[in-house]
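Trainee: The structure's right below; bear with me while I get my questions together.
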Amino acid sequence: MNIKRKLRTWGKRCPFYAVLFGMCFLGGHTAAWMQESQTASADVAPTAMLAIIMDDFGYHGAGTEEMLALDIPFTAAVMPFSDHTAEDAALAMAAGKEIIIHMPMESLTGSQEWVGDKAVRNDMKPEEIRACVEAAYEAVPQAVGMNNHMGSAVMENAQALGNVLDVVHEKGGIFVDSVTTAQSKGAVVAGEKGVPLLERDVFLDSTEDVEVIRQRLREAADIALQRGSAVAIGHVGPEGGEKTAQVIAEMADALEQEGIRFVTVTELVQYRGMK
């Protein structure tokens, strides 16, 4: 008598045990399937959003072309009152990049020359700040928002910052706090004004050391994987520029395979449900 006939005969004589055997057989297969499914799921990295902002477009500095050639979404922050403002904004748009204004603001440290004569300053009247920010939007009409260039003094001044964000709100824009001071009032004032706000997690460069840039991009990716999203800021120019573009180009594919999704500022705001 073969095994199938034995099972049929045994099943007729002992229906309870036959049912029990079937349940155990199916249960074993189900458990094995679930274990395989869980193992497969563990191999798939979670999706995490990483928004990279590249500051200092508008000078047509070193690395401009290399940055714009990157095959990932990023947001170009354009200086509004520079010799190459219109040119760099047009190039960024042609490359399919999102644009924000890199708004010069008074700093607690550093030279006044670093922010220029048209920067937002704490001693300005509200109407003067409004005129300054509106002029920046006129210079960079493609902008979907702004972040601060330097600006630690203004970012600590709720009244002056509020005057800036009044215009950003009217434009339907986003504000990115570059976090140039630990005492920033950005989150509080943006909340009061109803302006979607992002905060910088990592500065990618301001260094000529490629290995440091790699470490910082890795740090930004790790934050995104842990928290679901992150914001990193790099720079066009001598302390970043070509080197920052090089590192991103080298690491982008591997990071995407880990589950990193490169996004624009607007996409990150939408992902976080702010707009």
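Identifiers for the structure tokens are assigned positionally: chains receive A, B, ... in sequence, residues are indexed from 1 per chain, and ligands are indexed from 1 in the order shown.
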What's around A:Glu98 at 12 Å? Count only C-alpha atoms, leave out sequence neighbours fewer than 2 positions away in its own chain, and write the answer as a ChimeraX atom specification.

Mentor: /A:51-54,68,72-78,89-96,100-101,140-146,263-267

Trainee: Mind the document's chain letters and residue numbers, and return as number ranges by chain the residues of stretch 124-227 of chain A that DSSP labels helix (DSSP H, G or I).

Mentor: A: 126-139, 152-155, 158-170, 186-193, 210-227

Trainee: As an exercise, work out the distance from atom CA of A:Gly151 to atom CA of A:Gly194 in Å and give it to one decimal place.

Mentor: 20.8 Å

Trainee: Quick one: residues within 10 Å of stretch 220-237 of chain A, only C-alpha atoms counted, chain neighbours fewer than 6 positions away excluded, as a PDB file with N, CA and C atoms, in the first residue's frame?

Mentor:
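That gives us part.pdb:
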```pdb
ATOM      1  N   ALA A  45      15.146  48.626   2.217  1.00  0.00           N
ATOM      2  CA  ALA A  45      15.351  49.801   3.069  1.00  0.00           C
ATOM      3  C   ALA A  45      14.130  50.707   3.042  1.00  0.00           C
ATOM      4  N   PRO A  46      13.811  51.374   4.153  1.00  0.00           N
ATOM      5  CA  PRO A  46      12.679  52.291   4.163  1.00  0.00           C
ATOM      6  C   PRO A  46      12.959  53.509   3.299  1.00  0.00           C
ATOM      7  N   THR A  47      11.893  54.110   2.794  1.00  0.00           N
ATOM      8  CA  THR A  47      12.055  55.320   1.998  1.00  0.00           C
ATOM      9  C   THR A  47      12.220  56.512   2.932  1.00  0.00           C
ATOM     10  N   ALA A  48      13.238  57.323   2.680  1.00  0.00           N
ATOM     11  CA  ALA A  48      13.510  58.507   3.494  1.00  0.00           C
ATOM     12  C   ALA A  48      13.802  59.676   2.568  1.00  0.00           C
ATOM     13  N   MET A  49      13.237  60.834   2.884  1.00  0.00           N
ATOM     14  CA  MET A  49      13.373  62.016   2.047  1.00  0.00           C
ATOM     15  C   MET A  49      14.598  62.837   2.460  1.00  0.00           C
ATOM     16  N   LEU A  50      15.432  63.189   1.485  1.00  0.00           N
ATOM     17  CA  LEU A  50      16.573  64.059   1.746  1.00  0.00           C
ATOM     18  C   LEU A  50      16.518  65.245   0.794  1.00  0.00           C
ATOM     19  N   ALA A  51      16.276  66.427   1.359  1.00  0.00           N
ATOM     20  CA  ALA A  51      16.246  67.663   0.573  1.00  0.00           C
ATOM     21  C   ALA A  51      17.602  68.335   0.673  1.00  0.00           C
ATOM     22  N   ILE A  52      18.263  68.499  -0.465  1.00  0.00           N
ATOM     23  CA  ILE A  52      19.544  69.205  -0.508  1.00  0.00           C
ATOM     24  C   ILE A  52      19.318  70.591  -1.091  1.00  0.00           C
ATOM     25  N   ILE A  53      19.828  71.595  -0.399  1.00  0.00           N
ATOM     26  CA  ILE A  53      19.786  72.979  -0.864  1.00  0.00           C
ATOM     27  C   ILE A  53      21.212  73.400  -1.176  1.00  0.00           C
ATOM     28  N   MET A  54      21.408  73.992  -2.337  1.00  0.00           N
ATOM     29  CA  MET A  54      22.727  74.489  -2.708  1.00  0.00           C
ATOM     30  C   MET A  54      22.722  76.013  -2.648  1.00  0.00           C
ATOM     31  N   ASP A  55      23.390  76.565  -1.661  1.00  0.00           N
ATOM     32  CA  ASP A  55      23.463  78.010  -1.472  1.00  0.00           C
ATOM     33  C   ASP A  55      24.448  78.661  -2.449  1.00  0.00           C
ATOM     34  N   ASP A  56      24.304  79.986  -2.554  1.00  0.00           N
ATOM     35  CA  ASP A  56      25.280  80.859  -3.221  1.00  0.00           C
ATOM     36  C   ASP A  56      25.277  80.807  -4.738  1.00  0.00           C
ATOM     37  N   PHE A  57      24.191  80.304  -5.346  1.00  0.00           N
ATOM     38  CA  PHE A  57      24.021  80.587  -6.763  1.00  0.00           C
ATOM     39  C   PHE A  57      23.808  82.095  -6.888  1.00  0.00           C
ATOM     40  N   GLY A  58      24.224  82.651  -8.003  1.00  0.00           N
ATOM     41  CA  GLY A  58      24.132  84.096  -8.196  1.00  0.00           C
ATOM     42  C   GLY A  58      25.489  84.739  -8.363  1.00  0.00           C
ATOM     43  N   TYR A  59      26.530  84.023  -7.925  1.00  0.00           N
ATOM     44  CA  TYR A  59      27.901  84.477  -8.137  1.00  0.00           C
ATOM     45  C   TYR A  59      28.539  83.784  -9.347  1.00  0.00           C
ATOM     46  N   HIS A  60      27.860  82.771  -9.840  1.00  0.00           N
ATOM     47  CA  HIS A  60      28.398  81.886 -10.870  1.00  0.00           C
ATOM     48  C   HIS A  60      29.761  81.348 -10.422  1.00  0.00           C
ATOM     49  N   GLY A  61      29.770  80.885  -9.199  1.00  0.00           N
ATOM     50  CA  GLY A  61      31.010  80.422  -8.592  1.00  0.00           C
ATOM     51  C   GLY A  61      31.429  79.048  -9.059  1.00  0.00           C
ATOM     52  N   ALA A  62      32.567  78.596  -8.544  1.00  0.00           N
ATOM     53  CA  ALA A  62      33.119  77.299  -8.914  1.00  0.00           C
ATOM     54  C   ALA A  62      32.124  76.185  -8.609  1.00  0.00           C
ATOM     55  N   GLY A  63      31.924  75.311  -9.576  1.00  0.00           N
ATOM     56  CA  GLY A  63      31.031  74.179  -9.396  1.00  0.00           C
ATOM     57  C   GLY A  63      29.609  74.422  -9.867  1.00  0.00           C
ATOM     58  N   THR A  64      29.322  75.603 -10.391  1.00  0.00           N
ATOM     59  CA  THR A  64      27.955  75.898 -10.851  1.00  0.00           C
ATOM     60  C   THR A  64      27.500  74.877 -11.882  1.00  0.00           C
ATOM     61  N   GLU A  65      28.302  74.674 -12.920  1.00  0.00           N
ATOM     62  CA  GLU A  65      27.917  73.745 -13.986  1.00  0.00           C
ATOM     63  C   GLU A  65      27.824  72.316 -13.454  1.00  0.00           C
ATOM     64  N   GLU A  66      28.785  71.933 -12.607  1.00  0.00           N
ATOM     65  CA  GLU A  66      28.789  70.571 -12.060  1.00  0.00           C
ATOM     66  C   GLU A  66      27.569  70.316 -11.183  1.00  0.00           C
ATOM     67  N   MET A  67      27.197  71.317 -10.395  1.00  0.00           N
ATOM     68  CA  MET A  67      25.999  71.176  -9.557  1.00  0.00           C
ATOM     69  C   MET A  67      24.753  70.974 -10.417  1.00  0.00           C
ATOM     70  N   THR A  75      17.363  71.911  -4.559  1.00  0.00           N
ATOM     71  CA  THR A  75      16.866  73.277  -4.585  1.00  0.00           C
ATOM     72  C   THR A  75      18.046  74.240  -4.618  1.00  0.00           C
ATOM     73  N   ALA A  76      18.053  75.102  -5.619  1.00  0.00           N
ATOM     74  CA  ALA A  76      19.126  76.091  -5.776  1.00  0.00           C
ATOM     75  C   ALA A  76      18.729  77.372  -5.057  1.00  0.00           C
ATOM     76  N   ALA A  77      19.553  77.801  -4.093  1.00  0.00           N
ATOM     77  CA  ALA A  77      19.307  79.045  -3.361  1.00  0.00           C
ATOM     78  C   ALA A  77      20.124  80.155  -4.013  1.00  0.00           C
ATOM     79  N   VAL A 176      13.214  78.313   4.756  1.00  0.00           N
ATOM     80  CA  VAL A 176      14.157  77.331   5.288  1.00  0.00           C
ATOM     81  C   VAL A 176      15.113  78.055   6.224  1.00  0.00           C
ATOM     82  N   SER A 178      18.357  78.248   7.907  1.00  0.00           N
ATOM     83  CA  SER A 178      19.678  77.657   7.749  1.00  0.00           C
ATOM     84  C   SER A 178      20.330  77.334   9.086  1.00  0.00           C
ATOM     85  N   LEU A 198      11.190  74.721   7.184  1.00  0.00           N
ATOM     86  CA  LEU A 198      12.118  73.601   7.310  1.00  0.00           C
ATOM     87  C   LEU A 198      13.378  74.108   8.003  1.00  0.00           C
ATOM     88  N   GLU A 199      14.068  73.226   8.674  1.00  0.00           N
ATOM     89  CA  GLU A 199      15.316  73.596   9.350  1.00  0.00           C
ATOM     90  C   GLU A 199      16.460  72.721   8.856  1.00  0.00           C
ATOM     91  N   ARG A 200      17.589  73.355   8.664  1.00  0.00           N
ATOM     92  CA  ARG A 200      18.778  72.635   8.212  1.00  0.00           C
ATOM     93  C   ARG A 200      19.268  71.656   9.277  1.00  0.00           C
ATOM     94  N   ASP A 201      19.547  70.425   8.847  1.00  0.00           N
ATOM     95  CA  ASP A 201      20.112  69.421   9.741  1.00  0.00           C
ATOM     96  C   ASP A 201      21.636  69.343   9.632  1.00  0.00           C
ATOM     97  N   VAL A 202      22.156  69.460   8.412  1.00  0.00           N
ATOM     98  CA  VAL A 202      23.591  69.277   8.179  1.00  0.00           C
ATOM     99  C   VAL A 202      24.089  70.284   7.157  1.00  0.00           C
ATOM    100  N   PHE A 203      25.250  70.882   7.412  1.00  0.00           N
ATOM    101  CA  PHE A 203      25.989  71.608   6.383  1.00  0.00           C
ATOM    102  C   PHE A 203      26.937  70.611   5.721  1.00  0.00           C
ATOM    103  N   LEU A 204      26.831  70.468   4.412  1.00  0.00           N
ATOM    104  CA  LEU A 204      27.619  69.458   3.710  1.00  0.00           C
ATOM    105  C   LEU A 204      29.078  69.850   3.542  1.00  0.00           C
ATOM    106  N   ASP A 205      29.346  71.145   3.428  1.00  0.00           N
ATOM    107  CA  ASP A 205      30.701  71.514   3.037  1.00  0.00           C
ATOM    108  C   ASP A 205      31.249  72.699   3.841  1.00  0.00           C
ATOM    109  N   SER A 206      31.585  73.812   3.185  1.00  0.00           N
ATOM    110  CA  SER A 206      32.384  74.882   3.785  1.00  0.00           C
ATOM    111  C   SER A 206      33.743  74.314   4.177  1.00  0.00           C
ATOM    112  N   THR A 207      34.221  73.432   3.343  1.00  0.00           N
ATOM    113  CA  THR A 207      35.516  72.787   3.533  1.00  0.00           C
ATOM    114  C   THR A 207      36.024  72.354   2.166  1.00  0.00           C
ATOM    115  N   ILE A 213      33.244  66.057   3.343  1.00  0.00           N
ATOM    116  CA  ILE A 213      31.960  66.183   2.641  1.00  0.00           C
ATOM    117  C   ILE A 213      31.267  64.831   2.563  1.00  0.00           C
ATOM    118  N   ARG A 214      32.037  63.773   2.290  1.00  0.00           N
ATOM    119  CA  ARG A 214      31.451  62.426   2.259  1.00  0.00           C
ATOM    120  C   ARG A 214      30.843  62.072   3.612  1.00  0.00           C
ATOM    121  N   LYS A 243      33.754  70.050  -5.525  1.00  0.00           N
ATOM    122  CA  LYS A 243      33.975  68.904  -4.643  1.00  0.00           C
ATOM    123  C   LYS A 243      32.647  68.360  -4.108  1.00  0.00           C
ATOM    124  N   THR A 244      31.756  69.255  -3.739  1.00  0.00           N
ATOM    125  CA  THR A 244      30.453  68.819  -3.241  1.00  0.00           C
ATOM    126  C   THR A 244      29.678  68.109  -4.342  1.00  0.00           C
ATOM    127  N   ALA A 245      29.700  68.654  -5.541  1.00  0.00           N
ATOM    128  CA  ALA A 245      29.036  68.008  -6.674  1.00  0.00           C
ATOM    129  C   ALA A 245      29.633  66.629  -6.938  1.00  0.00           C
ATOM    130  N   LEU A 255      23.121  55.662  -2.077  1.00  0.00           N
ATOM    131  CA  LEU A 255      22.166  56.158  -1.085  1.00  0.00           C
ATOM    132  C   LEU A 255      20.732  55.851  -1.505  1.00  0.00           C
ATOM    133  N   GLU A 256      20.450  55.985  -2.782  1.00  0.00           N
ATOM    134  CA  GLU A 256      19.103  55.653  -3.261  1.00  0.00           C
ATOM    135  C   GLU A 256      18.797  54.175  -3.052  1.00  0.00           C
ATOM    136  N   GLU A 258      19.780  52.450  -0.629  1.00  0.00           N
ATOM    137  CA  GLU A 258      19.501  52.294   0.806  1.00  0.00           C
ATOM    138  C   GLU A 258      18.092  52.754   1.163  1.00  0.00           C
ATOM    139  N   GLY A 259      17.424  53.451   0.251  1.00  0.00           N
ATOM    140  CA  GLY A 259      16.088  53.960   0.536  1.00  0.00           C
ATOM    141  C   GLY A 259      15.990  55.462   0.589  1.00  0.00           C
ATOM    142  N   ILE A 260      17.094  56.164   0.289  1.00  0.00           N
ATOM    143  CA  ILE A 260      17.065  57.627   0.271  1.00  0.00           C
ATOM    144  C   ILE A 260      16.403  58.103  -1.015  1.00  0.00           C
ATOM    145  N   ARG A 261      15.479  59.019  -0.859  1.00  0.00           N
ATOM    146  CA  ARG A 261      14.868  59.669  -2.018  1.00  0.00           C
ATOM    147  C   ARG A 261      15.217  61.145  -1.973  1.00  0.00           C
ATOM    148  N   PHE A 262      15.931  61.621  -2.988  1.00  0.00           N
ATOM    149  CA  PHE A 262      16.293  63.033  -3.066  1.00  0.00           C
ATOM    150  C   PHE A 262      15.074  63.833  -3.520  1.00  0.00           C
ATOM    151  N   VAL A 263      14.781  64.921  -2.796  1.00  0.00           N
ATOM    152  CA  VAL A 263      13.588  65.709  -3.075  1.00  0.00           C
ATOM    153  C   VAL A 263      13.906  67.194  -3.020  1.00  0.00           C
ATOM    154  N   THR A 264      12.989  67.985  -3.542  1.00  0.00           N
ATOM    155  CA  THR A 264      13.095  69.439  -3.437  1.00  0.00           C
ATOM    156  C   THR A 264      12.502  69.892  -2.105  1.00  0.00           C
ATOM    157  N   VAL A 265      12.703  71.152  -1.801  1.00  0.00           N
ATOM    158  CA  VAL A 265      12.114  71.743  -0.600  1.00  0.00           C
ATOM    159  C   VAL A 265      10.591  71.625  -0.630  1.00  0.00           C
ATOM    160  N   LEU A 268       9.440  68.122   0.154  1.00  0.00           N
ATOM    161  CA  LEU A 268       9.590  67.769   1.560  1.00  0.00           C
ATOM    162  C   LEU A 268       8.504  68.415   2.404  1.00  0.00           C
ATOM    163  N   TYR A 271       5.486  66.367   1.846  1.00  0.00           N
ATOM    164  CA  TYR A 271       5.643  65.077   2.511  1.00  0.00           C
ATOM    165  C   TYR A 271       5.364  65.207   4.006  1.00  0.00           C
ATOM    166  N   ARG A 272       5.802  66.312   4.583  1.00  0.00           N
ATOM    167  CA  ARG A 272       5.581  66.520   6.029  1.00  0.00           C
ATOM    168  C   ARG A 272       4.197  67.075   6.327  1.00  0.00           C
TER     169      ARG A 272
END
```

Trainee: Can you list, as a JSON list (two decimals) with N, CA and C atoms, in the first residue's frame, all residues belonging to stretch 8-254 of chain A that DSSP tags as strand (DSSP E)?

Mentor:
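Written out: states01.json:
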```json
[["chain", "number", "residue", "atom", "x", "y", "z"],
["A", 48, "ALA", "N", 13.24, 57.32, 2.68],
["A", 48, "ALA", "CA", 13.51, 58.51, 3.49],
["A", 48, "ALA", "C", 13.80, 59.68, 2.57],
["A", 49, "MET", "N", 13.24, 60.83, 2.88],
["A", 49, "MET", "CA", 13.37, 62.02, 2.05],
["A", 49, "MET", "C", 14.60, 62.84, 2.46],
["A", 50, "LEU", "N", 15.43, 63.19, 1.48],
["A", 50, "LEU", "CA", 16.57, 64.06, 1.75],
["A", 50, "LEU", "C", 16.52, 65.25, 0.79],
["A", 51, "ALA", "N", 16.28, 66.43, 1.36],
["A", 51, "ALA", "CA", 16.25, 67.66, 0.57],
["A", 51, "ALA", "C", 17.60, 68.33, 0.67],
["A", 52, "ILE", "N", 18.26, 68.50, -0.47],
["A", 52, "ILE", "CA", 19.54, 69.21, -0.51],
["A", 52, "ILE", "C", 19.32, 70.59, -1.09],
["A", 53, "ILE", "N", 19.83, 71.60, -0.40],
["A", 53, "ILE", "CA", 19.79, 72.98, -0.86],
["A", 53, "ILE", "C", 21.21, 73.40, -1.18],
["A", 54, "MET", "N", 21.41, 73.99, -2.34],
["A", 54, "MET", "CA", 22.73, 74.49, -2.71],
["A", 54, "MET", "C", 22.72, 76.01, -2.65],
["A", 55, "ASP", "N", 23.39, 76.57, -1.66],
["A", 55, "ASP", "CA", 23.46, 78.01, -1.47],
["A", 55, "ASP", "C", 24.45, 78.66, -2.45],
["A", 56, "ASP", "N", 24.30, 79.99, -2.55],
["A", 56, "ASP", "CA", 25.28, 80.86, -3.22],
["A", 56, "ASP", "C", 25.28, 80.81, -4.74],
["A", 57, "PHE", "N", 24.19, 80.30, -5.35],
["A", 57, "PHE", "CA", 24.02, 80.59, -6.76],
["A", 57, "PHE", "C", 23.81, 82.10, -6.89],
["A", 75, "THR", "N", 17.36, 71.91, -4.56],
["A", 75, "THR", "CA", 16.87, 73.28, -4.58],
["A", 75, "THR", "C", 18.05, 74.24, -4.62],
["A", 76, "ALA", "N", 18.05, 75.10, -5.62],
["A", 76, "ALA", "CA", 19.13, 76.09, -5.78],
["A", 76, "ALA", "C", 18.73, 77.37, -5.06],
["A", 77, "ALA", "N", 19.55, 77.80, -4.09],
["A", 77, "ALA", "CA", 19.31, 79.05, -3.36],
["A", 77, "ALA", "C", 20.12, 80.15, -4.01],
["A", 78, "VAL", "N", 19.43, 81.13, -4.62],
["A", 78, "VAL", "CA", 20.08, 82.15, -5.46],
["A", 78, "VAL", "C", 20.18, 83.47, -4.71],
["A", 98, "GLU", "N", 14.64, 73.35, -8.63],
["A", 98, "GLU", "CA", 13.78, 74.29, -7.91],
["A", 98, "GLU", "C", 14.63, 75.44, -7.39],
["A", 99, "ILE", "N", 14.00, 76.61, -7.21],
["A", 99, "ILE", "CA", 14.74, 77.80, -6.81],
["A", 99, "ILE", "C", 14.11, 78.44, -5.58],
["A", 100, "ILE", "N", 14.96, 78.85, -4.65],
["A", 100, "ILE", "CA", 14.55, 79.73, -3.56],
["A", 100, "ILE", "C", 15.52, 80.91, -3.53],
["A", 101, "ILE", "N", 15.15, 81.94, -2.79],
["A", 101, "ILE", "CA", 16.02, 83.12, -2.61],
["A", 101, "ILE", "C", 16.95, 82.86, -1.43],
["A", 102, "HIS", "N", 18.23, 83.13, -1.63],
["A", 102, "HIS", "CA", 19.21, 83.04, -0.54],
["A", 102, "HIS", "C", 19.36, 84.45, 0.02],
["A", 103, "MET", "N", 18.47, 84.79, 0.96],
["A", 103, "MET", "CA", 18.28, 86.17, 1.38],
["A", 103, "MET", "C", 19.37, 86.64, 2.34],
["A", 104, "PRO", "N", 20.14, 87.67, 1.95],
["A", 104, "PRO", "CA", 21.17, 88.21, 2.86],
["A", 104, "PRO", "C", 20.52, 88.87, 4.08],
["A", 105, "MET", "N", 21.03, 88.52, 5.25],
["A", 105, "MET", "CA", 20.51, 89.09, 6.49],
["A", 105, "MET", "C", 21.68, 89.40, 7.42],
["A", 145, "GLY", "N", 10.30, 80.27, -2.35],
["A", 145, "GLY", "CA", 10.50, 80.60, -0.95],
["A", 145, "GLY", "C", 11.89, 81.17, -0.75],
["A", 146, "MET", "N", 12.41, 81.10, 0.46],
["A", 146, "MET", "CA", 13.75, 81.62, 0.72],
["A", 146, "MET", "C", 14.37, 80.94, 1.92],
["A", 147, "ASN", "N", 15.69, 81.09, 2.00],
["A", 147, "ASN", "CA", 16.42, 80.75, 3.22],
["A", 147, "ASN", "C", 17.35, 81.90, 3.55],
["A", 148, "ASN", "N", 17.92, 81.89, 4.74],
["A", 148, "ASN", "CA", 18.77, 83.01, 5.16],
["A", 148, "ASN", "C", 20.22, 82.79, 4.79],
["A", 149, "HIS", "N", 20.83, 83.84, 4.22],
["A", 149, "HIS", "CA", 22.27, 83.88, 4.00],
["A", 149, "HIS", "C", 22.88, 84.57, 5.21],
["A", 150, "MET", "N", 23.67, 83.82, 5.99],
["A", 150, "MET", "CA", 24.16, 84.30, 7.28],
["A", 150, "MET", "C", 22.94, 84.62, 8.16],
["A", 174, "ILE", "N", 7.81, 79.19, 1.09],
["A", 174, "ILE", "CA", 8.38, 78.35, 2.15],
["A", 174, "ILE", "C", 9.60, 79.07, 2.71],
["A", 175, "PHE", "N", 9.86, 78.90, 4.00],
["A", 175, "PHE", "CA", 11.09, 79.44, 4.56],
["A", 175, "PHE", "C", 11.93, 78.30, 5.11],
["A", 176, "VAL", "N", 13.21, 78.31, 4.76],
["A", 176, "VAL", "CA", 14.16, 77.33, 5.29],
["A", 176, "VAL", "C", 15.11, 78.05, 6.22],
["A", 177, "ASP", "N", 15.08, 77.66, 7.48],
["A", 177, "ASP", "CA", 16.00, 78.22, 8.47],
["A", 177, "ASP", "C", 17.33, 77.50, 8.32],
["A", 197, "LEU", "N", 7.86, 75.87, 7.37],
["A", 197, "LEU", "CA", 9.26, 76.06, 7.73],
["A", 197, "LEU", "C", 9.99, 74.73, 7.77],
["A", 198, "LEU", "N", 11.19, 74.72, 7.18],
["A", 198, "LEU", "CA", 12.12, 73.60, 7.31],
["A", 198, "LEU", "C", 13.38, 74.11, 8.00],
["A", 199, "GLU", "N", 14.07, 73.23, 8.67],
["A", 199, "GLU", "CA", 15.32, 73.60, 9.35],
["A", 199, "GLU", "C", 16.46, 72.72, 8.86],
["A", 202, "VAL", "N", 22.16, 69.46, 8.41],
["A", 202, "VAL", "CA", 23.59, 69.28, 8.18],
["A", 202, "VAL", "C", 24.09, 70.28, 7.16],
["A", 203, "PHE", "N", 25.25, 70.88, 7.41],
["A", 203, "PHE", "CA", 25.99, 71.61, 6.38],
["A", 203, "PHE", "C", 26.94, 70.61, 5.72],
["A", 229, "SER", "N", 13.11, 62.00, 7.21],
["A", 229, "SER", "CA", 13.49, 63.08, 6.30],
["A", 229, "SER", "C", 14.59, 63.91, 6.93],
["A", 230, "ALA", "N", 15.28, 64.68, 6.08],
["A", 230, "ALA", "CA", 16.35, 65.56, 6.56],
["A", 230, "ALA", "C", 16.60, 66.65, 5.53],
["A", 231, "VAL", "N", 17.25, 67.73, 6.00],
["A", 231, "VAL", "CA", 17.62, 68.85, 5.13],
["A", 231, "VAL", "C", 19.12, 69.07, 5.24],
["A", 232, "ALA", "N", 19.80, 69.11, 4.09],
["A", 232, "ALA", "CA", 21.23, 69.36, 4.06],
["A", 232, "ALA", "C", 21.51, 70.55, 3.17],
["A", 233, "ILE", "N", 22.50, 71.36, 3.53],
["A", 233, "ILE", "CA", 22.84, 72.55, 2.75],
["A", 233, "ILE", "C", 24.30, 72.46, 2.31],
["A", 234, "GLY", "N", 24.52, 72.64, 1.00],
["A", 234, "GLY", "CA", 25.85, 72.74, 0.43],
["A", 234, "GLY", "C", 26.02, 74.10, -0.22],
["A", 235, "HIS", "N", 27.16, 74.31, -0.84],
["A", 235, "HIS", "CA", 27.46, 75.63, -1.40],
["A", 235, "HIS", "C", 28.16, 75.54, -2.74]]
```

Trainee: Which residue, A:Ala86, A:Ala254, A:Val133, A:Val189, has the smallest gap to A:Leu161 when you use only C-alpha atoms?

Mentor: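 Smallest separation from A:Leu161 among the options: A:Val189.
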